[in-house]
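Dropping protein_12.cif in here (mmCIF, N, CA and C atoms and all ligand atoms; chains and numbers go by the auth columns):
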```
data_structure
#
loop_
_atom_site.group_PDB
_atom_site.id
_atom_site.type_symbol
_atom_site.label_atom_id
_atom_site.label_comp_id
_atom_site.label_asym_id
_atom_site.label_seq_id
_atom_site.Cartn_x
_atom_site.Cartn_y
_atom_site.Cartn_z
_atom_site.B_iso_or_equiv
_atom_site.auth_seq_id
_atom_site.auth_asym_id
ATOM 1 N N MET A 1 12.275 61.828 64.170 0.00 299 A
ATOM 2 C CA MET A 1 11.348 61.516 65.269 0.00 299 A
ATOM 3 C C MET A 1 9.915 61.713 64.785 0.00 299 A
ATOM 4 N N LYS A 2 9.162 60.649 64.764 0.00 300 A
ATOM 5 C CA LYS A 2 7.793 60.713 64.266 0.00 300 A
ATOM 6 C C LYS A 2 6.862 61.317 65.308 0.00 300 A
ATOM 7 N N LYS A 3 5.947 62.143 64.798 0.00 301 A
ATOM 8 C CA LYS A 3 4.937 62.707 65.664 0.00 301 A
ATOM 9 C C LYS A 3 3.976 61.591 66.052 0.00 301 A
ATOM 10 N N LYS A 4 3.608 61.565 67.311 0.00 302 A
ATOM 11 C CA LYS A 4 2.691 60.506 67.739 0.00 302 A
ATOM 12 C C LYS A 4 1.303 61.050 68.001 0.00 302 A
ATOM 13 N N CYS A 5 0.339 60.157 67.870 0.00 303 A
ATOM 14 C CA CYS A 5 -1.025 60.472 68.246 0.00 303 A
ATOM 15 C C CYS A 5 -1.032 60.881 69.712 0.00 303 A
ATOM 16 N N GLU A 6 -1.811 61.905 70.032 0.00 304 A
ATOM 17 C CA GLU A 6 -1.785 62.395 71.407 0.00 304 A
ATOM 18 C C GLU A 6 -2.608 61.548 72.364 0.00 304 A
ATOM 19 N N LEU A 7 -3.369 60.606 71.820 0.00 305 A
ATOM 20 C CA LEU A 7 -4.181 59.761 72.700 0.00 305 A
ATOM 21 C C LEU A 7 -3.635 58.346 72.823 0.00 305 A
ATOM 22 N N CYS A 8 -2.782 57.941 71.912 0.00 306 A
ATOM 23 C CA CYS A 8 -2.171 56.629 72.018 0.00 306 A
ATOM 24 C C CYS A 8 -0.770 56.747 71.432 0.00 306 A
ATOM 25 N N ASP A 9 -0.089 55.648 71.239 0.00 307 A
ATOM 26 C CA ASP A 9 1.292 55.741 70.769 0.00 307 A
ATOM 27 C C ASP A 9 1.451 55.467 69.283 0.00 307 A
ATOM 28 N N SER A 10 0.336 55.400 68.559 0.00 308 A
ATOM 29 C CA SER A 10 0.439 55.184 67.116 0.00 308 A
ATOM 30 C C SER A 10 0.968 56.438 66.445 0.00 308 A
ATOM 31 N N PRO A 11 1.550 56.291 65.251 0.00 309 A
ATOM 32 C CA PRO A 11 1.994 57.485 64.521 0.00 309 A
ATOM 33 C C PRO A 11 0.791 58.350 64.160 0.00 309 A
ATOM 34 N N ALA A 12 0.933 59.660 64.285 0.00 310 A
ATOM 35 C CA ALA A 12 -0.168 60.568 63.963 0.00 310 A
ATOM 36 C C ALA A 12 -0.432 60.567 62.472 0.00 310 A
ATOM 37 N N LYS A 13 -1.706 60.597 62.093 0.00 311 A
ATOM 38 C CA LYS A 13 -2.082 60.597 60.673 0.00 311 A
ATOM 39 C C LYS A 13 -2.752 61.887 60.265 0.00 311 A
ATOM 40 N N MET A 14 -3.185 62.668 61.227 0.00 312 A
ATOM 41 C CA MET A 14 -3.887 63.906 60.901 0.00 312 A
ATOM 42 C C MET A 14 -3.773 64.874 62.066 0.00 312 A
ATOM 43 N N TYR A 15 -4.098 66.118 61.766 0.00 313 A
ATOM 44 C CA TYR A 15 -4.068 67.142 62.795 0.00 313 A
ATOM 45 C C TYR A 15 -5.421 67.814 62.866 0.00 313 A
ATOM 46 N N CYS A 16 -6.000 67.865 64.043 0.00 314 A
ATOM 47 C CA CYS A 16 -7.276 68.562 64.222 0.00 314 A
ATOM 48 C C CYS A 16 -6.979 69.944 64.773 0.00 314 A
ATOM 49 N N ASP A 17 -7.315 70.940 63.968 0.00 315 A
ATOM 50 C CA ASP A 17 -7.029 72.307 64.374 0.00 315 A
ATOM 51 C C ASP A 17 -7.901 72.722 65.557 0.00 315 A
ATOM 52 N N SER A 18 -9.164 72.284 65.550 0.00 316 A
ATOM 53 C CA SER A 18 -10.075 72.653 66.639 0.00 316 A
ATOM 54 C C SER A 18 -9.599 72.096 67.978 0.00 316 A
ATOM 55 N N ASP A 19 -9.061 70.895 67.953 0.00 317 A
ATOM 56 C CA ASP A 19 -8.578 70.275 69.187 0.00 317 A
ATOM 57 C C ASP A 19 -7.107 70.573 69.435 0.00 317 A
ATOM 58 N N ARG A 20 -6.446 71.136 68.431 0.00 318 A
ATOM 59 C CA ARG A 20 -4.998 71.316 68.485 0.00 318 A
ATOM 60 C C ARG A 20 -4.313 70.004 68.882 0.00 318 A
ATOM 61 N N ALA A 21 -4.699 68.942 68.179 0.00 319 A
ATOM 62 C CA ALA A 21 -4.169 67.631 68.524 0.00 319 A
ATOM 63 C C ALA A 21 -3.874 66.821 67.273 0.00 319 A
ATOM 64 N N SER A 22 -2.783 66.086 67.307 0.00 320 A
ATOM 65 C CA SER A 22 -2.467 65.138 66.248 0.00 320 A
ATOM 66 C C SER A 22 -3.069 63.799 66.637 0.00 320 A
ATOM 67 N N LEU A 23 -3.712 63.148 65.676 0.00 321 A
ATOM 68 C CA LEU A 23 -4.421 61.908 65.980 0.00 321 A
ATOM 69 C C LEU A 23 -4.132 60.834 64.952 0.00 321 A
ATOM 70 N N CYS A 24 -4.294 59.575 65.376 0.00 322 A
ATOM 71 C CA CYS A 24 -4.232 58.467 64.421 0.00 322 A
ATOM 72 C C CYS A 24 -5.651 58.212 63.928 0.00 322 A
ATOM 73 N N TRP A 25 -5.815 57.316 62.962 0.00 323 A
ATOM 74 C CA TRP A 25 -7.157 57.046 62.407 0.00 323 A
ATOM 75 C C TRP A 25 -8.115 56.576 63.493 0.00 323 A
ATOM 76 N N ASP A 26 -7.652 55.659 64.336 0.00 324 A
ATOM 77 C CA ASP A 26 -8.536 55.074 65.342 0.00 324 A
ATOM 78 C C ASP A 26 -9.025 56.113 66.337 0.00 324 A
ATOM 79 N N CYS A 27 -8.097 56.922 66.838 0.00 325 A
ATOM 80 C CA CYS A 27 -8.499 57.923 67.827 0.00 325 A
ATOM 81 C C CYS A 27 -9.324 59.018 67.174 0.00 325 A
ATOM 82 N N ASP A 28 -9.037 59.333 65.916 0.00 326 A
ATOM 83 C CA ASP A 28 -9.854 60.308 65.196 0.00 326 A
ATOM 84 C C ASP A 28 -11.301 59.827 65.165 0.00 326 A
ATOM 85 N N ALA A 29 -11.490 58.576 64.814 0.00 327 A
ATOM 86 C CA ALA A 29 -12.847 58.027 64.728 0.00 327 A
ATOM 87 C C ALA A 29 -13.519 58.066 66.093 0.00 327 A
ATOM 88 N N ARG A 30 -12.762 57.745 67.119 0.00 328 A
ATOM 89 C CA ARG A 30 -13.330 57.719 68.465 0.00 328 A
ATOM 90 C C ARG A 30 -13.707 59.140 68.911 0.00 328 A
ATOM 91 N N VAL A 31 -12.771 60.066 68.742 0.00 329 A
ATOM 92 C CA VAL A 31 -12.997 61.438 69.207 0.00 329 A
ATOM 93 C C VAL A 31 -14.102 62.118 68.413 0.00 329 A
ATOM 94 N N HIS A 32 -14.059 61.977 67.099 0.00 330 A
ATOM 95 C CA HIS A 32 -14.955 62.766 66.260 0.00 330 A
ATOM 96 C C HIS A 32 -16.290 62.110 65.964 0.00 330 A
ATOM 97 N N SER A 33 -16.519 60.909 66.499 0.00 331 A
ATOM 98 C CA SER A 33 -17.849 60.324 66.363 0.00 331 A
ATOM 99 C C SER A 33 -18.642 60.530 67.649 0.00 331 A
ATOM 100 N N ALA A 34 -18.068 61.259 68.605 0.00 332 A
ATOM 101 C CA ALA A 34 -18.738 61.454 69.896 0.00 332 A
ATOM 102 C C ALA A 34 -20.057 62.219 69.742 0.00 332 A
ATOM 103 N N ASN A 35 -20.064 63.265 68.937 0.00 333 A
ATOM 104 C CA ASN A 35 -21.307 64.006 68.692 0.00 333 A
ATOM 105 C C ASN A 35 -21.165 64.832 67.419 0.00 333 A
ATOM 106 N N PHE A 36 -22.264 65.440 66.988 0.00 334 A
ATOM 107 C CA PHE A 36 -22.240 66.121 65.692 0.00 334 A
ATOM 108 C C PHE A 36 -21.392 67.390 65.702 0.00 334 A
ATOM 109 N N LEU A 37 -21.160 67.935 66.894 0.00 335 A
ATOM 110 C CA LEU A 37 -20.341 69.142 66.953 0.00 335 A
ATOM 111 C C LEU A 37 -18.874 68.827 66.665 0.00 335 A
ATOM 112 N N VAL A 38 -18.366 67.810 67.294 0.00 336 A
ATOM 113 C CA VAL A 38 -16.961 67.478 67.035 0.00 336 A
ATOM 114 C C VAL A 38 -16.786 66.880 65.645 0.00 336 A
ATOM 115 N N ALA A 39 -17.861 66.286 65.107 0.00 337 A
ATOM 116 C CA ALA A 39 -17.769 65.729 63.751 0.00 337 A
ATOM 117 C C ALA A 39 -17.520 66.823 62.720 0.00 337 A
ATOM 118 N N LYS A 40 -17.805 68.070 63.090 0.00 338 A
ATOM 119 C CA LYS A 40 -17.596 69.178 62.146 0.00 338 A
ATOM 120 C C LYS A 40 -16.164 69.696 62.142 0.00 338 A
ATOM 121 N N HIS A 41 -15.359 69.197 63.046 0.00 339 A
ATOM 122 C CA HIS A 41 -13.956 69.638 63.074 0.00 339 A
ATOM 123 C C HIS A 41 -13.275 69.347 61.739 0.00 339 A
ATOM 124 N N MET A 42 -12.566 70.328 61.221 0.00 340 A
ATOM 125 C CA MET A 42 -11.775 70.093 60.025 0.00 340 A
ATOM 126 C C MET A 42 -10.437 69.483 60.433 0.00 340 A
ATOM 127 N N ARG A 43 -10.130 68.344 59.850 0.00 341 A
ATOM 128 C CA ARG A 43 -8.832 67.734 60.133 0.00 341 A
ATOM 129 C C ARG A 43 -7.969 67.751 58.876 0.00 341 A
ATOM 130 N N THR A 44 -6.715 67.986 59.069 0.00 342 A
ATOM 131 C CA THR A 44 -5.778 68.025 57.962 0.00 342 A
ATOM 132 C C THR A 44 -4.893 66.788 58.010 0.00 342 A
ATOM 133 N N LEU A 45 -4.774 66.163 56.860 0.00 343 A
ATOM 134 C CA LEU A 45 -3.924 64.972 56.797 0.00 343 A
ATOM 135 C C LEU A 45 -2.459 65.330 56.936 0.00 343 A
ATOM 136 N N LEU A 46 -1.719 64.457 57.548 0.00 344 A
ATOM 137 C CA LEU A 46 -0.273 64.636 57.635 0.00 344 A
ATOM 138 C C LEU A 46 0.398 63.772 56.581 0.00 344 A
ATOM 139 N N CYS A 47 1.453 64.287 56.025 0.00 345 A
ATOM 140 C CA CYS A 47 2.239 63.519 55.057 0.00 345 A
ATOM 141 C C CYS A 47 2.755 62.256 55.725 0.00 345 A
ATOM 142 N N ARG A 48 2.630 61.121 55.047 0.00 346 A
ATOM 143 C CA ARG A 48 3.033 59.872 55.696 0.00 346 A
ATOM 144 C C ARG A 48 4.550 59.743 55.789 0.00 346 A
ATOM 145 N N VAL A 49 5.259 60.555 55.033 0.00 347 A
ATOM 146 C CA VAL A 49 6.714 60.481 55.084 0.00 347 A
ATOM 147 C C VAL A 49 7.285 61.443 56.123 0.00 347 A
ATOM 148 N N CYS A 50 6.921 62.720 55.988 0.00 348 A
ATOM 149 C CA CYS A 50 7.538 63.703 56.870 0.00 348 A
ATOM 150 C C CYS A 50 6.567 64.245 57.914 0.00 348 A
ATOM 151 N N GLN A 51 5.310 63.846 57.833 0.00 349 A
ATOM 152 C CA GLN A 51 4.280 64.272 58.777 0.00 349 A
ATOM 153 C C GLN A 51 4.047 65.783 58.819 0.00 349 A
ATOM 154 N N SER A 52 4.387 66.449 57.735 0.00 350 A
ATOM 155 C CA SER A 52 4.000 67.856 57.656 0.00 350 A
ATOM 156 C C SER A 52 2.551 67.917 57.175 0.00 350 A
ATOM 157 N N LEU A 53 1.899 69.060 57.352 0.00 351 A
ATOM 158 C CA LEU A 53 0.502 69.181 56.951 0.00 351 A
ATOM 159 C C LEU A 53 0.384 69.149 55.437 0.00 351 A
ATOM 160 N N THR A 54 -0.600 68.439 54.925 0.00 352 A
ATOM 161 C CA THR A 54 -0.841 68.372 53.489 0.00 352 A
ATOM 162 C C THR A 54 -2.024 69.284 53.155 0.00 352 A
ATOM 163 N N PRO A 55 -2.274 69.534 51.865 0.00 353 A
ATOM 164 C CA PRO A 55 -3.434 70.374 51.496 0.00 353 A
ATOM 165 C C PRO A 55 -4.753 69.622 51.662 0.00 353 A
ATOM 166 N N TRP A 56 -4.734 68.375 52.050 0.00 354 A
ATOM 167 C CA TRP A 56 -5.956 67.595 52.095 0.00 354 A
ATOM 168 C C TRP A 56 -6.565 67.572 53.483 0.00 354 A
ATOM 169 N N SER A 57 -7.818 67.996 53.527 0.00 355 A
ATOM 170 C CA SER A 57 -8.499 68.026 54.807 0.00 355 A
ATOM 171 C C SER A 57 -9.943 67.597 54.618 0.00 355 A
ATOM 172 N N GLY A 58 -10.607 67.321 55.697 0.00 356 A
ATOM 173 C CA GLY A 58 -11.997 66.925 55.623 0.00 356 A
ATOM 174 C C GLY A 58 -12.608 66.950 57.001 0.00 356 A
ATOM 175 N N SER A 59 -13.923 66.730 57.040 0.00 357 A
ATOM 176 C CA SER A 59 -14.595 66.660 58.325 0.00 357 A
ATOM 177 C C SER A 59 -15.557 65.489 58.288 0.00 357 A
ATOM 178 N N GLY A 60 -16.230 65.234 59.385 0.00 358 A
ATOM 179 C CA GLY A 60 -17.123 64.093 59.462 0.00 358 A
ATOM 180 C C GLY A 60 -16.771 63.285 60.683 0.00 358 A
ATOM 181 N N PRO A 61 -17.625 62.320 61.006 0.00 359 A
ATOM 182 C CA PRO A 61 -17.392 61.545 62.221 0.00 359 A
ATOM 183 C C PRO A 61 -16.134 60.696 62.143 0.00 359 A
ATOM 184 N N LYS A 62 -15.683 60.431 60.930 0.00 360 A
ATOM 185 C CA LYS A 62 -14.541 59.529 60.792 0.00 360 A
ATOM 186 C C LYS A 62 -13.803 59.910 59.518 0.00 360 A
ATOM 187 N N LEU A 63 -12.588 60.351 59.667 0.00 361 A
ATOM 188 C CA LEU A 63 -11.838 60.806 58.499 0.00 361 A
ATOM 189 C C LEU A 63 -11.015 59.660 57.948 0.00 361 A
ATOM 190 N N SER A 64 -11.709 58.664 57.459 0.00 362 A
ATOM 191 C CA SER A 64 -11.006 57.487 56.972 0.00 362 A
ATOM 192 C C SER A 64 -11.013 57.467 55.458 0.00 362 A
ATOM 193 N N PRO A 65 -9.931 57.052 54.845 0.00 363 A
ATOM 194 C CA PRO A 65 -9.898 56.989 53.378 0.00 363 A
ATOM 195 C C PRO A 65 -10.860 55.953 52.831 0.00 363 A
ATOM 196 N N THR A 66 -11.364 55.060 53.654 0.00 364 A
ATOM 197 C CA THR A 66 -12.280 54.044 53.160 0.00 364 A
ATOM 198 C C THR A 66 -13.714 54.575 53.141 0.00 364 A
ATOM 199 N N VAL A 67 -13.952 55.703 53.784 0.00 365 A
ATOM 200 C CA VAL A 67 -15.293 56.292 53.806 0.00 365 A
ATOM 201 C C VAL A 67 -15.529 57.048 52.512 0.00 365 A
ATOM 202 N N SER A 68 -16.656 56.794 51.854 0.00 366 A
ATOM 203 C CA SER A 68 -16.997 57.591 50.686 0.00 366 A
ATOM 204 C C SER A 68 -18.406 58.113 50.862 0.00 366 A
ATOM 205 N N GLY A 69 -18.959 58.737 49.875 0.00 367 A
ATOM 206 C CA GLY A 69 -20.317 59.232 50.003 0.00 367 A
ATOM 207 C C GLY A 69 -20.394 60.697 49.647 0.00 367 A
ATOM 208 N N THR A 70 -19.320 61.441 49.859 0.00 368 A
ATOM 209 C CA THR A 70 -19.315 62.828 49.411 0.00 368 A
ATOM 210 C C THR A 70 -18.283 62.949 48.306 0.00 368 A
ATOM 211 N N LEU A 71 -18.495 63.950 47.474 0.00 369 A
ATOM 212 C CA LEU A 71 -17.577 64.139 46.358 0.00 369 A
ATOM 213 C C LEU A 71 -16.170 64.414 46.865 0.00 369 A
ATOM 214 N N ARG A 72 -16.102 65.228 47.909 0.00 370 A
ATOM 215 C CA ARG A 72 -14.778 65.575 48.412 0.00 370 A
ATOM 216 C C ARG A 72 -14.035 64.336 48.880 0.00 370 A
ATOM 217 N N LEU A 73 -14.763 63.480 49.600 0.00 371 A
ATOM 218 C CA LEU A 73 -14.097 62.295 50.110 0.00 371 A
ATOM 219 C C LEU A 73 -13.751 61.338 48.982 0.00 371 A
ATOM 220 N N THR A 74 -14.582 61.340 47.938 0.00 372 A
ATOM 221 C CA THR A 74 -14.296 60.475 46.806 0.00 372 A
ATOM 222 C C THR A 74 -13.019 60.944 46.110 0.00 372 A
ATOM 223 N N MET A 75 -12.920 62.264 45.920 0.00 373 A
ATOM 224 C CA MET A 75 -11.715 62.795 45.305 0.00 373 A
ATOM 225 C C MET A 75 -10.518 62.554 46.201 0.00 373 A
ATOM 226 N N TRP A 76 -10.798 62.651 47.485 0.00 374 A
ATOM 227 C CA TRP A 76 -9.726 62.467 48.444 0.00 374 A
ATOM 228 C C TRP A 76 -9.204 61.030 48.379 0.00 374 A
ATOM 229 N N ASN A 77 -10.118 60.081 48.168 0.00 375 A
ATOM 230 C CA ASN A 77 -9.714 58.683 48.033 0.00 375 A
ATOM 231 C C ASN A 77 -8.712 58.512 46.905 0.00 375 A
ATOM 232 N N VAL A 78 -8.983 59.190 45.792 0.00 376 A
ATOM 233 C CA VAL A 78 -8.100 59.077 44.639 0.00 376 A
ATOM 234 C C VAL A 78 -6.710 59.581 45.003 0.00 376 A
ATOM 235 N N LYS A 79 -6.688 60.760 45.622 0.00 377 A
ATOM 236 C CA LYS A 79 -5.396 61.309 46.003 0.00 377 A
ATOM 237 C C LYS A 79 -4.710 60.431 47.040 0.00 377 A
ATOM 238 N N THR A 80 -5.520 59.843 47.902 0.00 378 A
ATOM 239 C CA THR A 80 -4.977 58.965 48.929 0.00 378 A
ATOM 240 C C THR A 80 -4.249 57.800 48.272 0.00 378 A
ATOM 241 N N VAL A 81 -4.893 57.238 47.250 0.00 379 A
ATOM 242 C CA VAL A 81 -4.291 56.109 46.551 0.00 379 A
ATOM 243 C C VAL A 81 -3.025 56.543 45.834 0.00 379 A
ATOM 244 N N VAL A 82 -3.113 57.697 45.152 0.00 380 A
ATOM 245 C CA VAL A 82 -1.976 58.173 44.379 0.00 380 A
ATOM 246 C C VAL A 82 -0.781 58.435 45.277 0.00 380 A
ATOM 247 N N LEU A 83 -1.064 59.073 46.414 0.00 381 A
ATOM 248 C CA LEU A 83 0.040 59.433 47.302 0.00 381 A
ATOM 249 C C LEU A 83 0.464 58.277 48.193 0.00 381 A
ATOM 250 N N GLY A 84 -0.342 57.248 48.216 0.00 382 A
ATOM 251 C CA GLY A 84 0.022 56.086 49.004 0.00 382 A
ATOM 252 C C GLY A 84 -0.168 56.264 50.499 0.00 382 A
ATOM 253 N N PHE A 85 -1.111 57.106 50.875 0.00 383 A
ATOM 254 C CA PHE A 85 -1.429 57.170 52.302 0.00 383 A
ATOM 255 C C PHE A 85 -1.913 55.800 52.722 0.00 383 A
ATOM 256 N N ASP A 86 -1.378 55.296 53.785 0.00 384 A
ATOM 257 C CA ASP A 86 -1.883 54.017 54.230 0.00 384 A
ATOM 258 C C ASP A 86 -3.035 54.256 55.197 0.00 384 A
ATOM 259 N N LYS A 87 -3.649 53.176 55.614 0.00 385 A
ATOM 260 C CA LYS A 87 -4.842 53.244 56.448 0.00 385 A
ATOM 261 C C LYS A 87 -4.737 54.179 57.596 0.00 385 A
HETATM 262 ZN ZN ZN B . -4.357 57.244 68.558 0.00 401 A
HETATM 263 ZN ZN ZN B . -11.451 67.650 66.592 0.00 402 A
#
```
Show this structure as structure tokens.
Amino acid sequence: MKKKCELCDSPAKMYCDSDRASLCWDCDARVHSANFLVAKHMRTLLCRVCQSLTPWSGSGPKLSPTVSGTLRLTMWNVKTVVLGFDK
């Protein structure tokens, strides 16, 4: 049984500890671009296979693998590609 995003029915892609909520990419972008305070929430990626928490986390208005600009996110992109996280 796949964990679902708490705001829509898409499969959850990350977990926000501050919100205690699992979110998909779209809802993450919507929720965390609301203001600079929520943009600071650390979100942890979920494994795309078993949806357990992975060691990869980040913050920002949008936790998308297509976003670059910081070293962490750049490194994260590499791991994203290697592990095959999809969008
Ligand atoms: Zn969603
Ligand atoms: Zn949050």
- [ ] Record the distance separating atom C of Ser331 in chain A and CA of Lys360 in chain A, expressed in Å with one decimal.
- [x]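 Result for atom C of Ser331 in chain A versus CA of Lys360 in chain A: 8.1 Å, one decimal.
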Open item on the list: Hey, which residues sit close to ligand ZN 401 (chain A)? Say within 8 Å, counting only N, CA and C atoms and all ligand atoms, and write them as JSON, numbers by chain.
Closed with: {"A": [302, 303, 304, 305, 306, 307, 308, 309, 310, 311, 320, 321, 322, 323, 324, 325, 326]}
Taking a cut-off of 6 Å and counting all atoms listed in the file, can you build a table that, for each residue of chain A near ligand ZN 402 (chain A), reports the nearest atom pair and how far apart they are in Å (one decimal), sorted by chain then residue number, as JSON lines?
```
{"residue": "A:Cys314", "atom": "CA", "partner": "A:ZN402", "partner_atom": "ZN", "distance": 4.9}
{"residue": "A:Asp315", "atom": "N", "partner": "A:ZN402", "partner_atom": "ZN", "distance": 5.9}
{"residue": "A:Ser316", "atom": "C", "partner": "A:ZN402", "partner_atom": "ZN", "distance": 5.0}
{"residue": "A:Asp317", "atom": "N", "partner": "A:ZN402", "partner_atom": "ZN", "distance": 4.3}
{"residue": "A:Val336", "atom": "C", "partner": "A:ZN402", "partner_atom": "ZN", "distance": 5.5}
{"residue": "A:His339", "atom": "CA", "partner": "A:ZN402", "partner_atom": "ZN", "distance": 4.8}
```
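Taking only range 313-367 of chain A, the residues that DSSP calls helix (DSSP H, G or I) from the backbone come to Trp323, Asp324, Cys325, Asp326, Ala327, Arg328, Val329, His330, Val336, Ala337 and Lys338 of chain A.
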TODO: Starting from the displayed file, determine the output of the PyMOL selection byres (((chain A and resi 344 and name CA) around 9) and not hetatm and name CA) and express the residue list as an MDAnalysis selection string.
DONE: chainID A and resid 310:313 320 342:343 345:354
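Pairwise distance (CA of Ser355 in chain A, atom C of Lys338 in chain A) equals 10.7 Å.
Note that CA of Gly356 in chain A and atom C of Met340 in chain A are 5.7 Å apart.
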